[in-house]
>>> print(open('data30.json').read())   # JSON, C-alpha atoms
[["chain", "number", "residue", "atom", "x", "y", "z"],
["A", 1, "MET", "CA", -14.36, -94.77, 71.45],
["A", 2, "SER", "CA", -11.96, -97.65, 72.04],
["A", 3, "ALA", "CA", -12.00, -100.64, 69.72],
["A", 4, "PRO", "CA", -14.03, -103.63, 70.90],
["A", 5, "GLN", "CA", -12.06, -106.65, 72.06],
["A", 6, "ALA", "CA", -12.52, -110.35, 71.26],
["A", 7, "SER", "CA", -10.57, -113.38, 72.42],
["A", 8, "VAL", "CA", -11.69, -115.66, 69.56],
["A", 9, "ALA", "CA", -11.50, -115.00, 65.82],
["A", 10, "VAL", "CA", -12.91, -116.70, 62.76],
["A", 11, "ILE", "CA", -11.09, -116.13, 59.46],
["A", 12, "GLY", "CA", -13.51, -116.84, 56.63],
["A", 13, "GLY", "CA", -12.34, -118.48, 53.40],
["A", 14, "SER", "CA", -13.65, -118.43, 49.84],
["A", 15, "GLY", "CA", -17.37, -117.67, 49.89],
["A", 16, "PHE", "CA", -17.35, -117.10, 53.67],
["A", 17, "TYR", "CA", -17.64, -113.33, 53.90],
["A", 18, "GLU", "CA", -20.07, -112.83, 56.83],
["A", 19, "PHE", "CA", -20.53, -114.56, 60.17],
["A", 20, "LEU", "CA", -21.76, -112.26, 62.94],
["A", 21, "ASP", "CA", -25.08, -110.49, 63.48],
["A", 22, "ASP", "CA", -25.14, -106.97, 64.96],
["A", 23, "ALA", "CA", -21.38, -106.67, 64.65],
["A", 24, "ARG", "CA", -19.31, -103.51, 64.86],
["A", 25, "GLU", "CA", -16.77, -103.02, 62.08],
["A", 26, "VAL", "CA", -13.30, -101.91, 63.16],
["A", 27, "GLU", "CA", -10.63, -100.39, 60.91],
["A", 28, "VAL", "CA", -7.23, -101.55, 62.13],
["A", 29, "GLU", "CA", -3.87, -100.10, 61.12],
["A", 30, "THR", "CA", -0.86, -102.40, 61.35],
["A", 31, "PRO", "CA", 2.90, -102.04, 60.80],
["A", 32, "TYR", "CA", 2.44, -104.36, 57.81],
["A", 33, "GLY", "CA", -0.25, -102.45, 55.96],
["A", 34, "ALA", "CA", -4.00, -102.91, 55.93],
["A", 35, "PRO", "CA", -5.72, -106.23, 56.62],
["A", 36, "ALA", "CA", -7.98, -107.70, 53.95],
["A", 37, "ALA", "CA", -11.06, -105.92, 55.29],
["A", 38, "PRO", "CA", -12.39, -104.14, 58.37],
["A", 39, "ILE", "CA", -12.77, -106.61, 61.22],
["A", 40, "ALA", "CA", -16.29, -107.31, 62.45],
["A", 41, "VAL", "CA", -16.60, -107.77, 66.22],
["A", 42, "GLY", "CA", -19.73, -109.22, 67.78],
["A", 43, "GLU", "CA", -20.87, -112.09, 69.95],
["A", 44, "VAL", "CA", -21.64, -115.78, 69.58],
["A", 45, "ALA", "CA", -23.70, -117.03, 72.53],
["A", 46, "GLY", "CA", -22.16, -114.38, 74.76],
["A", 47, "THR", "CA", -18.58, -114.94, 73.60],
["A", 48, "PRO", "CA", -16.91, -111.93, 71.94],
["A", 49, "VAL", "CA", -15.78, -112.97, 68.45],
["A", 50, "ALA", "CA", -13.87, -111.18, 65.69],
["A", 51, "PHE", "CA", -14.49, -112.07, 62.06],
["A", 52, "LEU", "CA", -12.22, -111.32, 59.11],
["A", 53, "PRO", "CA", -12.84, -112.46, 55.53],
["A", 54, "ARG", "CA", -9.44, -113.78, 54.48],
["A", 55, "HIS", "CA", -9.79, -112.64, 50.86],
["A", 56, "GLY", "CA", -11.42, -109.31, 51.69],
["A", 57, "THR", "CA", -14.86, -108.05, 50.82],
["A", 58, "GLY", "CA", -16.09, -109.68, 47.64],
["A", 59, "HIS", "CA", -12.94, -111.79, 47.33],
["A", 60, "ALA", "CA", -10.74, -108.80, 46.50],
["A", 61, "PHE", "CA", -7.42, -110.60, 47.11],
["A", 62, "PRO", "CA", -6.32, -113.85, 45.46],
["A", 63, "PRO", "CA", -4.45, -116.30, 47.72],
["A", 64, "HIS", "CA", -0.95, -115.26, 46.70],
["A", 65, "LEU", "CA", -1.64, -111.54, 47.33],
["A", 66, "ILE", "CA", -3.33, -111.72, 50.74],
["A", 67, "ASN", "CA", -1.55, -109.64, 53.37],
["A", 68, "TYR", "CA", -1.35, -112.46, 55.89],
["A", 69, "ARG", "CA", 0.90, -110.55, 58.28],
["A", 70, "ALA", "CA", -1.53, -107.64, 58.50],
["A", 71, "ASN", "CA", -4.52, -109.97, 58.94],
["A", 72, "LEU", "CA", -3.07, -111.85, 61.92],
["A", 73, "TRP", "CA", -1.53, -108.78, 63.54],
["A", 74, "ALA", "CA", -4.84, -106.89, 63.29],
["A", 75, "LEU", "CA", -6.70, -109.73, 65.02],
["A", 76, "ARG", "CA", -4.11, -109.96, 67.80],
["A", 77, "SER", "CA", -4.36, -106.20, 68.35],
["A", 78, "LEU", "CA", -8.07, -106.64, 69.17],
["A", 79, "GLY", "CA", -7.28, -109.19, 71.87],
["A", 80, "VAL", "CA", -7.63, -112.39, 69.84],
["A", 81, "ARG", "CA", -5.82, -115.39, 71.29],
["A", 82, "GLN", "CA", -7.61, -118.26, 69.50],
["A", 83, "VAL", "CA", -8.17, -118.45, 65.74],
["A", 84, "LEU", "CA", -10.54, -120.79, 63.90],
["A", 85, "ALA", "CA", -9.73, -120.86, 60.21],
["A", 86, "PRO", "CA", -12.28, -122.45, 57.87],
["A", 87, "CYS", "CA", -11.02, -122.99, 54.33],
["A", 88, "ALA", "CA", -11.92, -124.68, 51.05],
["A", 89, "VAL", "CA", -9.69, -127.60, 50.04],
["A", 90, "GLY", "CA", -9.36, -130.22, 47.37],
["A", 91, "GLY", "CA", -9.16, -133.88, 48.22],
["A", 92, "LEU", "CA", -6.05, -135.84, 47.25],
["A", 93, "ARG", "CA", -6.93, -139.32, 48.44],
["A", 94, "ALA", "CA", -9.97, -141.57, 48.44],
["A", 95, "GLU", "CA", -10.47, -141.34, 52.20],
["A", 96, "VAL", "CA", -12.03, -137.88, 51.75],
["A", 97, "ALA", "CA", -14.87, -136.77, 49.49],
["A", 98, "PRO", "CA", -16.60, -133.50, 48.56],
["A", 99, "GLY", "CA", -18.68, -132.26, 51.45],
["A", 100, "ASP", "CA", -16.39, -133.71, 54.14],
["A", 101, "LEU", "CA", -15.24, -131.50, 57.01],
["A", 102, "VAL", "CA", -11.69, -132.26, 58.11],
["A", 103, "VAL", "CA", -9.47, -130.78, 60.82],
["A", 104, "PRO", "CA", -5.92, -131.40, 59.52],
["A", 105, "ASP", "CA", -3.11, -132.14, 61.94],
["A", 106, "GLN", "CA", -0.15, -131.49, 59.62],
["A", 107, "LEU", "CA", 0.84, -128.93, 56.99],
["A", 108, "VAL", "CA", 3.27, -128.95, 54.07],
["A", 109, "ASP", "CA", 4.33, -125.61, 52.58],
["A", 110, "ARG", "CA", 4.69, -125.54, 48.81],
["A", 111, "THR", "CA", 4.19, -121.79, 48.40],
["A", 112, "LEU", "CA", 6.84, -119.74, 46.66],
["A", 113, "GLY", "CA", 7.03, -116.00, 47.25],
["A", 114, "ARG", "CA", 5.05, -115.20, 50.38],
["A", 115, "VAL", "CA", 6.42, -113.32, 53.37],
["A", 116, "GLN", "CA", 5.93, -115.95, 56.05],
["A", 117, "SER", "CA", 7.41, -114.47, 59.21],
["A", 118, "TYR", "CA", 7.47, -111.40, 61.41],
["A", 119, "VAL", "CA", 11.15, -112.09, 62.08],
["A", 120, "GLU", "CA", 13.23, -109.62, 60.09],
["A", 121, "ARG", "CA", 16.42, -109.64, 62.17],
["A", 122, "GLY", "CA", 18.08, -111.74, 64.85],
["A", 123, "ALA", "CA", 17.90, -115.45, 65.59],
["A", 124, "VAL", "CA", 14.36, -116.49, 66.49],
["A", 125, "HIS", "CA", 13.10, -119.86, 65.24],
["A", 126, "VAL", "CA", 9.49, -120.68, 66.00],
["A", 127, "PRO", "CA", 8.70, -124.34, 66.83],
["A", 128, "PHE", "CA", 6.30, -125.65, 64.21],
["A", 129, "ALA", "CA", 6.53, -129.45, 64.32],
["A", 130, "ASP", "CA", 2.82, -129.51, 65.14],
["A", 131, "PRO", "CA", 1.38, -126.56, 63.23],
["A", 132, "TYR", "CA", -2.13, -126.58, 64.71],
["A", 133, "CYS", "CA", -3.27, -126.06, 68.28],
["A", 134, "PRO", "CA", -4.27, -129.47, 69.68],
["A", 135, "THR", "CA", -6.88, -127.93, 71.98],
["A", 136, "LEU", "CA", -8.70, -126.08, 69.21],
["A", 137, "SER", "CA", -8.39, -129.04, 66.85],
["A", 138, "GLN", "CA", -9.94, -131.41, 69.37],
["A", 139, "ALA", "CA", -12.77, -128.96, 70.03],
["A", 140, "LEU", "CA", -13.58, -128.68, 66.33],
["A", 141, "ALA", "CA", -13.28, -132.41, 65.72],
["A", 142, "ALA", "CA", -15.68, -133.16, 68.58],
["A", 143, "ALA", "CA", -18.51, -131.70, 66.50],
["A", 144, "GLU", "CA", -20.75, -134.11, 64.64],
["A", 145, "GLY", "CA", -19.61, -134.94, 61.12],
["A", 146, "VAL", "CA", -16.05, -133.62, 61.51],
["A", 147, "SER", "CA", -12.96, -135.82, 61.22],
["A", 148, "LEU", "CA", -9.54, -135.16, 62.74],
["A", 149, "GLY", "CA", -6.23, -135.87, 61.01],
["A", 150, "GLY", "CA", -4.57, -135.55, 57.65],
["A", 151, "THR", "CA", -1.90, -133.46, 56.00],
["A", 152, "MET", "CA", -2.80, -130.31, 54.09],
["A", 153, "VAL", "CA", -0.36, -129.21, 51.41],
["A", 154, "VAL", "CA", -0.54, -125.50, 50.65],
["A", 155, "VAL", "CA", 0.35, -124.39, 47.11],
["A", 156, "GLU", "CA", 0.96, -120.91, 45.77],
["A", 157, "GLY", "CA", -2.05, -120.57, 43.49],
["A", 158, "PRO", "CA", -4.02, -119.01, 42.05],
["A", 159, "ARG", "CA", -3.89, -121.78, 39.47],
["A", 160, "PHE", "CA", -4.99, -125.30, 40.27],
["A", 161, "SER", "CA", -2.51, -128.20, 40.15],
["A", 162, "THR", "CA", -1.51, -130.18, 37.12],
["A", 163, "ARG", "CA", -2.38, -133.88, 37.21],
["A", 164, "ALA", "CA", 1.28, -134.73, 37.75],
["A", 165, "GLU", "CA", 1.57, -132.36, 40.70],
["A", 166, "SER", "CA", -1.64, -133.66, 42.23],
["A", 167, "GLN", "CA", -0.55, -137.27, 41.85],
["A", 168, "HIS", "CA", 2.81, -136.43, 43.39],
["A", 169, "TYR", "CA", 1.17, -134.84, 46.44],
["A", 170, "ALA", "CA", -1.12, -137.83, 46.88],
["A", 171, "ALA", "CA", 1.82, -140.22, 46.57],
["A", 172, "GLN", "CA", 3.43, -138.51, 49.58],
["A", 173, "GLY", "CA", 0.42, -139.55, 51.66],
["A", 174, "TRP", "CA", -0.95, -135.99, 51.86],
["A", 175, "THR", "CA", -4.73, -135.74, 52.14],
["A", 176, "LEU", "CA", -5.81, -132.18, 51.32],
["A", 177, "ILE", "CA", -4.65, -129.35, 49.06],
["A", 178, "ASN", "CA", -5.23, -125.67, 49.68],
["A", 179, "MET", "CA", -3.90, -122.19, 48.73],
["A", 180, "THR", "CA", -4.26, -120.12, 51.92],
["A", 181, "GLY", "CA", -3.29, -122.22, 54.95],
["A", 182, "HIS", "CA", 0.29, -120.96, 54.92],
["A", 183, "PRO", "CA", 1.75, -118.64, 56.13],
["A", 184, "GLU", "CA", -1.42, -118.00, 58.15],
["A", 185, "ALA", "CA", -0.75, -120.82, 60.62],
["A", 186, "VAL", "CA", 2.87, -119.95, 61.34],
["A", 187, "LEU", "CA", 2.16, -116.23, 61.70],
["A", 188, "ALA", "CA", -0.46, -117.06, 64.33],
["A", 189, "ARG", "CA", 2.15, -119.14, 66.15],
["A", 190, "GLU", "CA", 4.68, -116.30, 66.01],
["A", 191, "LEU", "CA", 2.07, -114.01, 67.58],
["A", 192, "ARG", "CA", 1.50, -116.62, 70.31],
["A", 193, "MET", "CA", -2.06, -117.39, 69.27],
["A", 194, "CYS", "CA", -3.80, -120.76, 69.14],
["A", 195, "TYR", "CA", -4.78, -121.66, 65.57],
["A", 196, "SER", "CA", -6.65, -124.49, 63.92],
["A", 197, "ALA", "CA", -7.90, -124.98, 60.39],
["A", 198, "VAL", "CA", -11.19, -126.65, 59.54],
["A", 199, "ALA", "CA", -11.27, -127.72, 55.91],
["A", 200, "LEU", "CA", -14.32, -128.20, 53.71],
["A", 201, "VAL", "CA", -13.54, -130.57, 50.85],
["A", 202, "THR", "CA", -15.06, -128.94, 47.77],
["A", 203, "ASP", "CA", -13.66, -131.21, 45.04],
["A", 204, "MET", "CA", -11.30, -134.05, 44.29],
["A", 205, "ASP", "CA", -8.04, -132.74, 42.89],
["A", 206, "ALA", "CA", -6.92, -133.25, 39.30],
["A", 207, "GLY", "CA", -4.80, -136.32, 39.97],
["A", 208, "VAL", "CA", -7.58, -138.24, 41.70],
["A", 209, "GLU", "CA", -10.18, -138.33, 38.94],
["A", 210, "SER", "CA", -10.25, -138.28, 35.17],
["A", 211, "GLY", "CA", -12.13, -135.64, 33.21],
["A", 212, "GLU", "CA", -11.41, -131.96, 32.87],
["A", 213, "GLY", "CA", -9.93, -131.46, 36.33],
["A", 214, "VAL", "CA", -10.85, -128.94, 38.99],
["A", 215, "GLY", "CA", -12.83, -125.83, 38.06],
["A", 216, "GLN", "CA", -13.55, -122.68, 40.03],
["A", 217, "ALA", "CA", -17.32, -122.95, 39.55],
["A", 218, "GLU", "CA", -17.34, -126.42, 41.12],
["A", 219, "VAL", "CA", -15.34, -125.27, 44.14],
["A", 220, "PHE", "CA", -17.45, -122.20, 44.82],
["A", 221, "ALA", "CA", -20.72, -124.06, 44.32],
["A", 222, "THR", "CA", -19.81, -126.80, 46.79],
["A", 223, "PHE", "CA", -18.68, -124.23, 49.35],
["A", 224, "ALA", "CA", -21.92, -122.27, 48.93],
["A", 225, "ARG", "CA", -24.01, -125.40, 49.51],
["A", 226, "ASN", "CA", -22.17, -126.05, 52.77],
["A", 227, "ILE", "CA", -21.69, -122.53, 54.13],
["A", 228, "ASP", "CA", -24.61, -122.68, 56.58],
["A", 229, "ARG", "CA", -23.37, -126.03, 57.86],
["A", 230, "LEU", "CA", -19.90, -124.59, 58.40],
["A", 231, "LYS", "CA", -21.25, -121.49, 60.17],
["A", 232, "GLY", "CA", -23.37, -123.71, 62.40],
["A", 233, "LEU", "CA", -20.33, -125.79, 63.32],
["A", 234, "LEU", "CA", -18.32, -122.73, 64.32],
["A", 235, "ALA", "CA", -21.19, -121.12, 66.22],
["A", 236, "GLY", "CA", -21.64, -124.36, 68.16],
["A", 237, "VAL", "CA", -17.95, -124.70, 69.02],
["A", 238, "VAL", "CA", -17.06, -121.12, 70.00],
["A", 239, "PRO", "CA", -18.95, -120.94, 73.33],
["A", 240, "TYR", "CA", -17.31, -124.14, 74.59],
["A", 241, "LEU", "CA", -13.68, -123.46, 73.72],
["A", 242, "PRO", "CA", -11.31, -123.84, 76.66],
["A", 243, "GLY", "CA", -9.23, -120.77, 77.29],
["A", 244, "PRO", "CA", -5.95, -120.14, 75.44],
["A", 245, "GLY", "CA", -3.02, -122.07, 76.86],
["A", 246, "ALA", "CA", -5.19, -124.95, 78.08],
["A", 247, "GLY", "CA", -3.29, -128.05, 77.03],
["A", 248, "CYS", "CA", -1.06, -126.36, 74.47],
["A", 249, "ALA", "CA", 2.17, -124.35, 74.22],
["A", 250, "CYS", "CA", 0.96, -121.97, 71.49],
["A", 251, "ALA", "CA", 1.22, -118.93, 73.76],
["A", 252, "SER", "CA", 4.24, -119.98, 75.83],
["A", 253, "TRP", "CA", 6.78, -121.09, 73.20],
["A", 254, "ALA", "CA", 8.55, -117.71, 73.33],
["A", 255, "ASP", "CA", 8.75, -117.40, 77.11],
["A", 256, "GLY", "CA", 12.23, -116.13, 77.91],
["A", 257, "ILE", "CA", 12.96, -115.20, 74.28],
["A", 258, "GLU", "CA", 13.39, -111.60, 73.20],
["A", 259, "LEU", "CA", 11.33, -111.33, 70.03],
["A", 260, "PRO", "CA", 12.47, -108.86, 67.34],
["A", 261, "TYR", "CA", 8.92, -107.88, 66.46],
["A", 262, "GLU", "CA", 5.99, -106.35, 68.30],
["A", 263, "ILE", "CA", 3.17, -108.50, 69.62],
["A", 264, "PRO", "CA", 0.25, -106.13, 70.08],
["A", 265, "GLY", "CA", -1.17, -106.36, 73.55],
["A", 266, "GLY", "CA", 1.92, -108.13, 74.86],
["A", 267, "ALA", "CA", 2.63, -111.80, 75.48],
["A", 268, "ALA", "CA", -0.19, -112.45, 77.95]]
>>> encode(input="data30.json", output="structure tokens")
Amino acid sequence: MSAPQASVAVIGGSGFYEFLDDAREVEVETPYGAPAAPIAVGEVAGTPVAFLPRHGTGHAFPPHLINYRANLWALRSLGVRQVLAPCAVGGLRAEVAPGDLVVPDQLVDRTLGRVQSYVERGAVHVPFADPYCPTLSQALAAAEGVSLGGTMVVVEGPRFSTRAESQHYAAQGWTLINMTGHPEAVLARELRMCYSAVALVTDMDAGVESGEGVGQAEVFATFARNIDRLKGLLAGVVPYLPGPGAGCACASWADGIELPYEIPGGAA
């Protein structure tokens, strides 16, 4: 039996391990090893959707040990062209608060040792000035209670920031802090997929407030309280997404370029 296909994927973050009812689980082999978990393929209001828990079943993989290349390649091999990526974030500035849903429009990479490209030879430089697909971002931000804009800085983890680090990030004007948004976004771009993050603010980072700082229990508890809201947002957006390539260059940036890596399913 051939693997089911889906044009849209949701990558679930911390505490977001299930999304689809009556889904079929698919084991996918990739040139980069195994993805975090089998991929569930089902439907949302008639739209085929793939779901992958970013950290694996039961949060098996911490942020710095996720096989991001395998995750994105596996989704692309099932036909995925548009990726919605919910994630938990800390707030760095007073304009956001716990419980807010934010679609960032910029990303800053402060990770250290992650493999962040499929390019292993040759001269191929992916354009990344605008790291998120504008079409997907606008679709997510059109939902009630979701704001658009802000810079998300991605740190290595798994530790939380010191107060000095947090204050430094805030002083740069950055809004959100996260541990998994990179290299996920750039790998999606290299595979010619549309990608947008949607961030749930679970806490204010250590440099924003006094006290003991950020704790894991606080983050997970806030995410758990908002998981149904986040699932409802995604389920409401998926059926109305415009097709890939509508108003963006996510799929066409490599037209005329010979890529030194395989894109499963081809460029189309």
>>> residues_around(input="data30.json", residues="Pro183 in chain A", least_positions_apart="5", cutoff="12 Å", atoms="all atoms listed in the file", output="ChimeraX atom specification")
/A:63-72,107-118,128,131,153-156,178,188-190,195
>>> closest_residue(input="data30.json", among="A:Glu95, A:Val49, A:Ser14, A:Ser252", to="Val126 in chain A", atoms="all atoms listed in the file")
A:Ser252
>>> closest_atom_pairs(input="data30.json", of="range 73-176 of chain A", to="range 23-28 of chain A", cutoff="10 Å", atoms="all atoms listed in the file", output="tab-separated table")
residue	atom	partner	partner_atom	distance
A:Trp73	CA	A:Val28	CA	9.3
A:Ala74	CA	A:Val28	CA	6.0
A:Leu75	CA	A:Val28	CA	8.7
A:Ser77	CA	A:Val28	CA	8.3
A:Leu78	CA	A:Val28	CA	8.7
>>> residues_near_point(input="data30.json", point="(-10.2, -134.4, 59.2)", cutoff="6 Å", atoms="only C-alpha atoms", output="VMD selection string")
chain A and resid 102 to 104 147 to 150
>>> residues_around(input="data30.json", residues="Val80 in chain A", least_positions_apart="4", cutoff="6 Å", atoms="only C-alpha atoms", output="number ranges by chain")
A: 6-8, 75-76
>>> closest_residue(input="data30.json", among="A:Ala246, A:Val44, A:Ala123, A:Cys194", to="Tyr261 in chain A", atoms="all atoms listed in the file")
A:Ala123
>>> atom_distance(input="data30.json", atom1="CA of Ala249 in chain A", atom2="CA of Ala129 in chain A")
12.0 Å
>>> closest_residue(input="data30.json", among="A:Gly79, A:Arg54, A:Trp174, A:Arg93", to="Gly265 in chain A", atoms="all atoms listed in the file")
A:Gly79
>>> residues_near_point(input="data30.json", point="(-4.5, -125.3, 64.1)", cutoff="9 Å", atoms="all atoms listed in the file", output="PyMOL selection string")
chain A and resi 83-85+103-106+130-137+185+194-198
>>> closest_residue(input="data30.json", among="A:Pro264, A:Pro53, A:Pro48, A:Gly13", to="Pro35 in chain A", atoms="all atoms listed in the file")
A:Pro53
>>> closest_residue(input="data30.json", among="A:Asp203, A:Glu18, A:Asp228, A:Glu258", to="Asp100 in chain A", atoms="only C-alpha atoms")
A:Asp203
>>> closest_residue(input="data30.json", among="A:Ile11, A:Leu92, A:Leu259, A:Ala97", to="Gly56 in chain A", atoms="all atoms listed in the file")
A:Ile11
>>> atom_distance(input="data30.json", atom1="CA of Thr57 in chain A", atom2="CA of Ile39 in chain A")
10.7 Å
>>> atom_distance(input="data30.json", atom1="CA of Gly181 in chain A", atom2="CA of Ala94 in chain A")
21.5 Å
>>> build_atoms(input="data30.json", residues="range 245-266 of chain A", atoms="N, CA, C and O atoms", output="mmCIF file, in the frame of the given file")
data_model
loop_
_atom_site.group_PDB
_atom_site.id
_atom_site.type_symbol
_atom_site.label_atom_id
_atom_site.label_comp_id
_atom_site.auth_asym_id
_atom_site.auth_seq_id
_atom_site.Cartn_x
_atom_site.Cartn_y
_atom_site.Cartn_z
ATOM 1 N N GLY A 245 -4.050 -121.511 75.983
ATOM 2 C CA GLY A 245 -3.020 -122.070 76.860
ATOM 3 C C GLY A 245 -3.445 -123.326 77.579
ATOM 4 O O GLY A 245 -2.630 -123.950 78.266
ATOM 5 N N ALA A 246 -4.724 -123.728 77.420
ATOM 6 C CA ALA A 246 -5.190 -124.950 78.080
ATOM 7 C C ALA A 246 -4.771 -126.161 77.254
ATOM 8 O O ALA A 246 -5.334 -126.446 76.206
ATOM 9 N N GLY A 247 -3.739 -126.853 77.717
ATOM 10 C CA GLY A 247 -3.290 -128.050 77.030
ATOM 11 C C GLY A 247 -2.443 -127.822 75.810
ATOM 12 O O GLY A 247 -2.261 -128.737 75.001
ATOM 13 N N CYS A 248 -1.905 -126.618 75.643
ATOM 14 C CA CYS A 248 -1.060 -126.360 74.470
ATOM 15 C C CYS A 248 0.051 -125.385 74.862
ATOM 16 O O CYS A 248 -0.003 -124.743 75.914
ATOM 17 N N ALA A 249 1.047 -125.265 73.982
ATOM 18 C CA ALA A 249 2.170 -124.350 74.220
ATOM 19 C C ALA A 249 2.168 -123.223 73.194
ATOM 20 O O ALA A 249 3.190 -122.562 72.995
ATOM 21 N N CYS A 250 1.020 -122.982 72.550
ATOM 22 C CA CYS A 250 0.960 -121.970 71.490
ATOM 23 C C CYS A 250 1.335 -120.584 71.991
ATOM 24 O O CYS A 250 1.958 -119.805 71.263
ATOM 25 N N ALA A 251 0.946 -120.264 73.222
ATOM 26 C CA ALA A 251 1.220 -118.930 73.760
ATOM 27 C C ALA A 251 2.539 -118.863 74.520
ATOM 28 O O ALA A 251 3.069 -117.772 74.741
ATOM 29 N N SER A 252 3.085 -119.996 74.931
ATOM 30 C CA SER A 252 4.240 -119.980 75.830
ATOM 31 C C SER A 252 5.563 -120.323 75.154
ATOM 32 O O SER A 252 6.607 -120.294 75.809
ATOM 33 N N TRP A 253 5.550 -120.626 73.853
ATOM 34 C CA TRP A 253 6.780 -121.090 73.200
ATOM 35 C C TRP A 253 7.902 -120.047 73.268
ATOM 36 O O TRP A 253 9.090 -120.400 73.266
ATOM 37 N N ALA A 254 7.529 -118.761 73.344
ATOM 38 C CA ALA A 254 8.550 -117.710 73.330
ATOM 39 C C ALA A 254 8.886 -117.176 74.710
ATOM 40 O O ALA A 254 9.591 -116.168 74.825
ATOM 41 N N ASP A 255 8.409 -117.849 75.753
ATOM 42 C CA ASP A 255 8.750 -117.400 77.110
ATOM 43 C C ASP A 255 10.274 -117.380 77.268
ATOM 44 O O ASP A 255 10.970 -118.366 76.965
ATOM 45 N N GLY A 256 10.792 -116.259 77.707
ATOM 46 C CA GLY A 256 12.230 -116.130 77.910
ATOM 47 C C GLY A 256 13.006 -115.754 76.661
ATOM 48 O O GLY A 256 14.227 -115.616 76.710
ATOM 49 N N ILE A 257 12.307 -115.591 75.531
ATOM 50 C CA ILE A 257 12.960 -115.200 74.280
ATOM 51 C C ILE A 257 12.628 -113.747 73.970
ATOM 52 O O ILE A 257 11.464 -113.333 74.046
ATOM 53 N N GLU A 258 13.629 -112.984 73.604
ATOM 54 C CA GLU A 258 13.390 -111.600 73.200
ATOM 55 C C GLU A 258 13.038 -111.589 71.712
ATOM 56 O O GLU A 258 13.892 -111.854 70.859
ATOM 57 N N LEU A 259 11.805 -111.307 71.414
ATOM 58 C CA LEU A 259 11.330 -111.330 70.030
ATOM 59 C C LEU A 259 11.688 -110.019 69.330
ATOM 60 O O LEU A 259 11.559 -108.940 69.912
ATOM 61 N N PRO A 260 12.098 -110.070 68.055
ATOM 62 C CA PRO A 260 12.470 -108.860 67.340
ATOM 63 C C PRO A 260 11.304 -108.177 66.638
ATOM 64 O O PRO A 260 11.499 -107.380 65.724
ATOM 65 N N TYR A 261 10.097 -108.503 67.045
ATOM 66 C CA TYR A 261 8.920 -107.880 66.460
ATOM 67 C C TYR A 261 7.900 -107.627 67.567
ATOM 68 O O TYR A 261 7.949 -108.251 68.633
ATOM 69 N N GLU A 262 6.998 -106.726 67.309
ATOM 70 C CA GLU A 262 5.990 -106.350 68.300
ATOM 71 C C GLU A 262 4.840 -107.351 68.290
ATOM 72 O O GLU A 262 4.350 -107.733 67.226
ATOM 73 N N ILE A 263 4.428 -107.771 69.472
ATOM 74 C CA ILE A 263 3.170 -108.500 69.620
ATOM 75 C C ILE A 263 2.165 -107.545 70.250
ATOM 76 O O ILE A 263 2.339 -107.143 71.403
ATOM 77 N N PRO A 264 1.175 -107.101 69.513
ATOM 78 C CA PRO A 264 0.250 -106.130 70.080
ATOM 79 C C PRO A 264 -0.476 -106.691 71.287
ATOM 80 O O PRO A 264 -0.928 -107.827 71.284
ATOM 81 N N GLY A 265 -0.534 -105.901 72.329
ATOM 82 C CA GLY A 265 -1.170 -106.360 73.550
ATOM 83 C C GLY A 265 -0.258 -107.145 74.464
ATOM 84 O O GLY A 265 -0.642 -107.529 75.560
ATOM 85 N N GLY A 266 0.965 -107.410 74.018
ATOM 86 C CA GLY A 266 1.920 -108.130 74.860
ATOM 87 C C GLY A 266 1.760 -109.630 74.778
ATOM 88 O O GLY A 266 0.940 -110.153 74.052
#
